[in-house]
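Notes for the one structure printed next.
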Amino acid sequence: MPAQLNVNASPSPSSVASPRKLGRASANQWLQSFSHPSVLNQFQGKLLDWYETSGRDLPWRRLPDLNDPYRIWTSEVMLQQTQVKTVLPYYNRWFEVFPTVESLAIADQQQVLKAWEGLGYYSRARNFHRAAKIVVEKHSGQFPKSLEAAQDLPGIGRTTAGGILSNAFDLPVPILDGNVKRVLSRLVALPVPPAKAMDALWFVSELILSGDRPRDFNQALMDLGATVCLRKNPTCLLCPWMSYCQAYRTNQTTIIPMTESKGPLPHKVIGVAVIENEQGEILIDRRLEEGLLGGLWEFPGGKVEPGESMEECVKREIKEELALDIEVGEELIVVNHAYTHFKVSLHVHLCRYLGGEPKAIASQEVRWVTLDTIDQYPFPKANTKIIEALKKRS
DNA sequence: GAATCGTGGCG
DNA sequence: TCGCCAAGATT
């Protein structure tokens with residue numbers, strides 16, 4: 001592969017300089033310098049030395065866990081789009097429930113989702129569960145050591161596969177997560193948002209990867225992004241690559257990596273029913289397998305239509321989705337919650353069951369439960385606030 | 001290729 | 001309060 005960065009996804013190795021070529025001639029010349037082994041070796045050594053003294057102490061790096069691919073795998077999946085601080089308690093708790101890949105493979109999905117509850121992006125848990133079954137059944141319980149086989153597992157893309165293979169087996173496979181994107185974008189002074197130059201960034205990540213110590217190098221790269229090359233206020237004076245960094249040299253660290261601003265998030269107003277029967281039980285439903293919050297439990301409800309009152313909305317939704325007749329009572333709580341692509345306000349009403357057999361029309365399953373047993377079901381965050389309000393009331 | 005998919009923390 | 005986004009993958 002030519003030592004040249006093409007911002008476009010086009011793999012064609014044109015040697016003609018053009019505005020679409022990353023950083024133009026100067027940047028390509030800068031990259032060319034890494035084709036000299038001595039230059040590259042010194043560059044890598046700077047980061048590896050920094051890692052020895054300033055790297056983070058994280059559970060998935062400690063012996064003897066280091067050689068347990070299942071634990072490495074778990075960390076990589078939990079860390080997708082999720083910060084280390086958030087992951088730590090989940091990570092430590094996980095192995096009390098699922099100590100081995102075999103135990104995960106034979107587990108019930110509801111148990112898996114319960115252990116994942118609150119961590120978000122629940123397709124990660126469902127895919128992890130599926131992948132564990134595949135590893136046990138088709139790979140004799142051993143995590144595959146090839147990039148292709150690893151990426152064939154559900155929930156494992158190129159970055160996660162590289163993270164597992166390099167960290168668990170010390171294989172020279174590049175990574176490109178959020179930290180590395182930011183570090184490399186600044187290193188080469190990427191003139192476009194990272195999403196527009198993924199091929200170029202992968203090329204750099206592979207180019208600079210240490211062949212001798214790929215595990216430490218990749219881990220160091222992520223640590224650098226997480227502790228020094230911060231999104232805001234990076235501490236460049238502490239950076240082992242300060243003299244190599246094109247963004248620092250050209251005073252562009254505040255605008256690189258570049259971002260494309262988006263408009264305001266849409267806001268949905270939802271009517272939600274807490275339906276209580278004569279036994280004091282409450283009706284919950286399990287969401288469809290695919291899509292938002294798939295497989296988790298919730299209190300039923302739906303969007304308010306134009307010109308509709310909240311009471312009318314709740315009554316209609318319960319009729320449509322559960323075939324139940326209810327009497328809509330007082331408002332229990334309003335829960336505001338922001339997802340990645342929209343915001344919601346859940347207007348929760350206490351409701352009285354009047355009649356009908358609940359049917360899972362828009363869900364996988366419905367169930368009458370008591371407040372004493374409701375904690376064993378996995379709920380999304382917005383719904384746990386409702387449960388808290390219910391417990392406080394009783 | 002663009003949308004979708006959670007939650008928490010930050011300025 | 002609000003926008004941004006963090007160890008991305010999937011469709």
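In the structure tokens, the first chain shown is A, the next is B, and so on; residue numbers restart at 1 for each chain, and ligands run from 1 in the order shown.
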Taking the DSSP secondary structure from the backbone, can you list the residues of segment 106-213 of chain A that are alpha helix (DSSP H), as a PyMOL selection string? chain A and resi 109-116+123-138+147-151+158-169+178-187+198-208
Please find the residues of chain B near chain A - the criterion being any atom within 6 Å, counting only C-alpha atoms (C1' of nucleotides) - and write them as a short mmCIF file (atom, residue, chain, number, x, y, z; two decimals) with all heavy atoms, in the first residue's frame.
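Result written to iface-v8.cif:
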```cif
data_model
loop_
_atom_site.label_atom_id
_atom_site.label_comp_id
_atom_site.auth_asym_id
_atom_site.auth_seq_id
_atom_site.Cartn_x
_atom_site.Cartn_y
_atom_site.Cartn_z
P DC B 5 -33.59 2.86 16.74
OP1 DC B 5 -34.59 1.79 16.72
OP2 DC B 5 -33.99 4.23 17.06
"O5'" DC B 5 -32.46 2.43 17.79
"C5'" DC B 5 -31.96 1.10 17.74
"C4'" DC B 5 -30.70 1.01 18.55
"O4'" DC B 5 -29.64 1.74 17.91
"C3'" DC B 5 -30.82 1.58 19.98
"O3'" DC B 5 -30.31 0.64 20.89
"C2'" DC B 5 -29.91 2.80 19.92
"C1'" DC B 5 -28.87 2.33 18.92
N1 DC B 5 -28.03 3.40 18.36
C2 DC B 5 -26.74 3.08 17.93
O2 DC B 5 -26.36 1.92 18.01
N3 DC B 5 -25.96 4.06 17.44
C4 DC B 5 -26.42 5.31 17.37
N4 DC B 5 -25.60 6.23 16.88
C5 DC B 5 -27.73 5.65 17.79
C6 DC B 5 -28.50 4.68 18.28
P DG B 6 -30.67 0.74 22.44
OP1 DG B 6 -29.93 -0.27 23.18
OP2 DG B 6 -32.15 0.83 22.53
"O5'" DG B 6 -30.06 2.17 22.82
"C5'" DG B 6 -30.69 2.95 23.80
"C4'" DG B 6 -30.04 2.74 25.14
"O4'" DG B 6 -28.62 2.97 25.06
"C3'" DG B 6 -30.53 3.65 26.26
"O3'" DG B 6 -30.36 2.97 27.47
"C2'" DG B 6 -29.60 4.84 26.13
"C1'" DG B 6 -28.28 4.15 25.77
N9 DG B 6 -27.38 4.89 24.91
C8 DG B 6 -27.71 5.71 23.87
N7 DG B 6 -26.66 6.21 23.26
C5 DG B 6 -25.58 5.67 23.94
C6 DG B 6 -24.19 5.82 23.74
O6 DG B 6 -23.63 6.50 22.88
N1 DG B 6 -23.44 5.10 24.66
C2 DG B 6 -23.97 4.30 25.64
N2 DG B 6 -23.11 3.67 26.42
N3 DG B 6 -25.25 4.13 25.84
C4 DG B 6 -26.00 4.85 24.96
P DT B 7 -31.02 3.53 28.82
OP1 DT B 7 -31.30 2.40 29.72
OP2 DT B 7 -32.05 4.50 28.45
"O5'" DT B 7 -29.79 4.33 29.45
"C5'" DT B 7 -28.63 3.60 29.82
"C4'" DT B 7 -27.49 4.54 30.10
"O4'" DT B 7 -27.03 5.13 28.88
"C3'" DT B 7 -27.84 5.71 31.02
"O3'" DT B 7 -27.23 5.44 32.27
"C2'" DT B 7 -27.26 6.94 30.31
"C1'" DT B 7 -26.39 6.33 29.23
N1 DT B 7 -26.22 7.13 27.99
C2 DT B 7 -24.94 7.36 27.52
O2 DT B 7 -23.95 6.94 28.10
N3 DT B 7 -24.87 8.09 26.38
C4 DT B 7 -25.92 8.60 25.64
O4 DT B 7 -25.73 9.24 24.61
C5 DT B 7 -27.23 8.33 26.18
C7 DT B 7 -28.45 8.84 25.47
C6 DT B 7 -27.31 7.61 27.32
#
```
As a list in words, could you give me every residue of chain C near chain A (at most 8 Å apart, counting only C-alpha atoms (C1' of nucleotides))? DA6, DA7, DG8 and DA9 of chain C
Spatial neighbours of Tyr51 of chain A, 9 Å, only C-alpha atoms (C1' of nucleotides), chain gap at least 6 places, as number ranges by chain: A: 216-217, 219-221, 223-224
Quick one: pull the distance between atom CA of Val101 of chain A and atom CA of Gln142 of chain A, Å, one decimal.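 Going from atom CA of Val101 of chain A over to atom CA of Gln142 of chain A, I get 8.9 Å.
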Excluding Tyr353 of chain A and residues on its chain fewer than 4 positions from it, collect all residues at most 12 Å away from it, counting only C-alpha atoms (C1' of nucleotides), and give them as a ChimeraX atom specification. /A:273-283,315,318-319,322-329,357-358,368
How many Å separate atom CA of Arg352 of chain A from atom CA of Leu288 of chain A?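 Separation of atom CA of Arg352 of chain A and atom CA of Leu288 of chain A: 25.1 Å.
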Given only C-alpha atoms as the basis, pick out the residue of A:Leu354, A:Val136, A:Ala107, A:Val112 nearest to Arg93 of chain A.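 Of A:Leu354, A:Val136, A:Ala107, A:Val112, the one nearest Arg93 of chain A, counting only C-alpha atoms, is A:Val112.
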Which residues are near segment 240-248 of chain A? Cut-off 8 Å, only C-alpha atoms (C1' of nucleotides), ignore same chain within fewer than 6 positions. Put them as a list in words.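 In the requested form, the answer reads Phe43, Lys46, Leu47, Trp50, Arg186, Leu187, Val188, Ala189 and Ile256 of chain A.
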Given the selection you just returned, output its residues as a file containing all heavy atoms, formatted as a PDB file, in the first residue's frame.
```
ATOM      1  N   PHE A  43       9.771   6.670  16.961  1.00  0.00           N
ATOM      2  CA  PHE A  43       8.404   7.152  17.148  1.00  0.00           C
ATOM      3  C   PHE A  43       7.605   6.195  18.031  1.00  0.00           C
ATOM      4  O   PHE A  43       6.935   6.617  18.985  1.00  0.00           O
ATOM      5  CB  PHE A  43       7.761   7.313  15.766  1.00  0.00           C
ATOM      6  CG  PHE A  43       6.294   7.609  15.763  1.00  0.00           C
ATOM      7  CD1 PHE A  43       5.825   8.887  16.025  1.00  0.00           C
ATOM      8  CD2 PHE A  43       5.380   6.603  15.467  1.00  0.00           C
ATOM      9  CE1 PHE A  43       4.469   9.159  15.995  1.00  0.00           C
ATOM     10  CE2 PHE A  43       4.021   6.873  15.441  1.00  0.00           C
ATOM     11  CZ  PHE A  43       3.563   8.149  15.710  1.00  0.00           C
ATOM     12  N   LYS A  46       8.836   6.177  21.725  1.00  0.00           N
ATOM     13  CA  LYS A  46       8.364   7.303  22.542  1.00  0.00           C
ATOM     14  C   LYS A  46       7.057   6.956  23.250  1.00  0.00           C
ATOM     15  O   LYS A  46       6.863   7.231  24.433  1.00  0.00           O
ATOM     16  CB  LYS A  46       8.144   8.532  21.653  1.00  0.00           C
ATOM     17  CG  LYS A  46       9.412   9.119  21.069  1.00  0.00           C
ATOM     18  CD  LYS A  46       9.996  10.174  21.993  1.00  0.00           C
ATOM     19  CE  LYS A  46      11.103  10.954  21.272  1.00  0.00           C
ATOM     20  NZ  LYS A  46      11.738  11.930  22.171  1.00  0.00           N
ATOM     21  N   LEU A  47       6.137   6.379  22.490  1.00  0.00           N
ATOM     22  CA  LEU A  47       4.834   6.039  23.064  1.00  0.00           C
ATOM     23  C   LEU A  47       4.958   4.877  24.053  1.00  0.00           C
ATOM     24  O   LEU A  47       4.358   4.909  25.133  1.00  0.00           O
ATOM     25  CB  LEU A  47       3.844   5.671  21.955  1.00  0.00           C
ATOM     26  CG  LEU A  47       2.440   5.293  22.434  1.00  0.00           C
ATOM     27  CD1 LEU A  47       1.753   6.497  23.080  1.00  0.00           C
ATOM     28  CD2 LEU A  47       1.585   4.748  21.301  1.00  0.00           C
ATOM     29  N   TRP A  50       6.395   6.026  27.257  1.00  0.00           N
ATOM     30  CA  TRP A  50       5.373   6.785  27.994  1.00  0.00           C
ATOM     31  C   TRP A  50       4.387   5.835  28.668  1.00  0.00           C
ATOM     32  O   TRP A  50       3.962   6.045  29.804  1.00  0.00           O
ATOM     33  CB  TRP A  50       4.635   7.717  27.027  1.00  0.00           C
ATOM     34  CG  TRP A  50       3.461   8.420  27.638  1.00  0.00           C
ATOM     35  CD1 TRP A  50       3.475   9.576  28.342  1.00  0.00           C
ATOM     36  CD2 TRP A  50       2.097   7.992  27.603  1.00  0.00           C
ATOM     37  NE1 TRP A  50       2.202   9.900  28.757  1.00  0.00           N
ATOM     38  CE2 TRP A  50       1.337   8.934  28.310  1.00  0.00           C
ATOM     39  CE3 TRP A  50       1.439   6.892  27.036  1.00  0.00           C
ATOM     40  CZ2 TRP A  50      -0.053   8.830  28.477  1.00  0.00           C
ATOM     41  CZ3 TRP A  50       0.065   6.770  27.203  1.00  0.00           C
ATOM     42  CH2 TRP A  50      -0.668   7.741  27.915  1.00  0.00           C
ATOM     43  N   ARG A 186      -5.180  14.226  14.881  1.00  0.00           N
ATOM     44  CA  ARG A 186      -4.284  15.325  15.228  1.00  0.00           C
ATOM     45  C   ARG A 186      -2.860  15.048  14.733  1.00  0.00           C
ATOM     46  O   ARG A 186      -2.172  15.955  14.260  1.00  0.00           O
ATOM     47  CB  ARG A 186      -4.287  15.540  16.743  1.00  0.00           C
ATOM     48  CG  ARG A 186      -5.541  16.255  17.225  1.00  0.00           C
ATOM     49  CD  ARG A 186      -5.577  16.389  18.721  1.00  0.00           C
ATOM     50  NE  ARG A 186      -6.694  17.228  19.155  1.00  0.00           N
ATOM     51  CZ  ARG A 186      -7.318  17.107  20.330  1.00  0.00           C
ATOM     52  NH1 ARG A 186      -6.921  16.182  21.184  1.00  0.00           N
ATOM     53  NH2 ARG A 186      -8.315  17.886  20.639  1.00  0.00           N
ATOM     54  N   LEU A 187      -2.454  13.829  14.831  1.00  0.00           N
ATOM     55  CA  LEU A 187      -1.096  13.470  14.421  1.00  0.00           C
ATOM     56  C   LEU A 187      -0.847  13.877  12.970  1.00  0.00           C
ATOM     57  O   LEU A 187       0.214  14.397  12.636  1.00  0.00           O
ATOM     58  CB  LEU A 187      -0.895  11.962  14.593  1.00  0.00           C
ATOM     59  CG  LEU A 187       0.526  11.427  14.459  1.00  0.00           C
ATOM     60  CD1 LEU A 187       1.422  11.956  15.557  1.00  0.00           C
ATOM     61  CD2 LEU A 187       0.505   9.893  14.479  1.00  0.00           C
ATOM     62  N   VAL A 188      -1.841  13.649  12.103  1.00  0.00           N
ATOM     63  CA  VAL A 188      -1.665  13.962  10.679  1.00  0.00           C
ATOM     64  C   VAL A 188      -2.377  15.256  10.288  1.00  0.00           C
ATOM     65  O   VAL A 188      -2.416  15.600   9.118  1.00  0.00           O
ATOM     66  CB  VAL A 188      -2.188  12.809   9.796  1.00  0.00           C
ATOM     67  CG1 VAL A 188      -1.510  11.508  10.170  1.00  0.00           C
ATOM     68  CG2 VAL A 188      -3.701  12.670   9.912  1.00  0.00           C
ATOM     69  N   ALA A 189      -2.971  15.944  11.284  1.00  0.00           N
ATOM     70  CA  ALA A 189      -3.739  17.167  11.015  1.00  0.00           C
ATOM     71  C   ALA A 189      -4.807  16.916   9.961  1.00  0.00           C
ATOM     72  O   ALA A 189      -4.882  17.613   8.934  1.00  0.00           O
ATOM     73  CB  ALA A 189      -2.822  18.312  10.592  1.00  0.00           C
ATOM     74  N   ILE A 256      -9.155  20.286  15.522  1.00  0.00           N
ATOM     75  CA  ILE A 256      -8.998  18.914  15.045  1.00  0.00           C
ATOM     76  C   ILE A 256      -9.075  17.976  16.237  1.00  0.00           C
ATOM     77  O   ILE A 256      -8.375  18.212  17.220  1.00  0.00           O
ATOM     78  CB  ILE A 256      -7.652  18.738  14.307  1.00  0.00           C
ATOM     79  CG1 ILE A 256      -7.628  19.600  13.040  1.00  0.00           C
ATOM     80  CG2 ILE A 256      -7.407  17.279  13.946  1.00  0.00           C
ATOM     81  CD1 ILE A 256      -6.293  19.573  12.296  1.00  0.00           C
TER      82      ILE A 256
END
```
One number please: atom CA of Ala131 of chain A to atom CA of Leu104 of chain A, in Å, one decimal.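 Answer for the atom CA of Ala131 of chain A to atom CA of Leu104 of chain A separation: 9.6 Å.
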DSSP-assigned strand (DSSP E) among segment 159-317 of chain A, expressed as an NGL selection string: :A and (267-276 or 282-286 or 297-298 or 301-303)
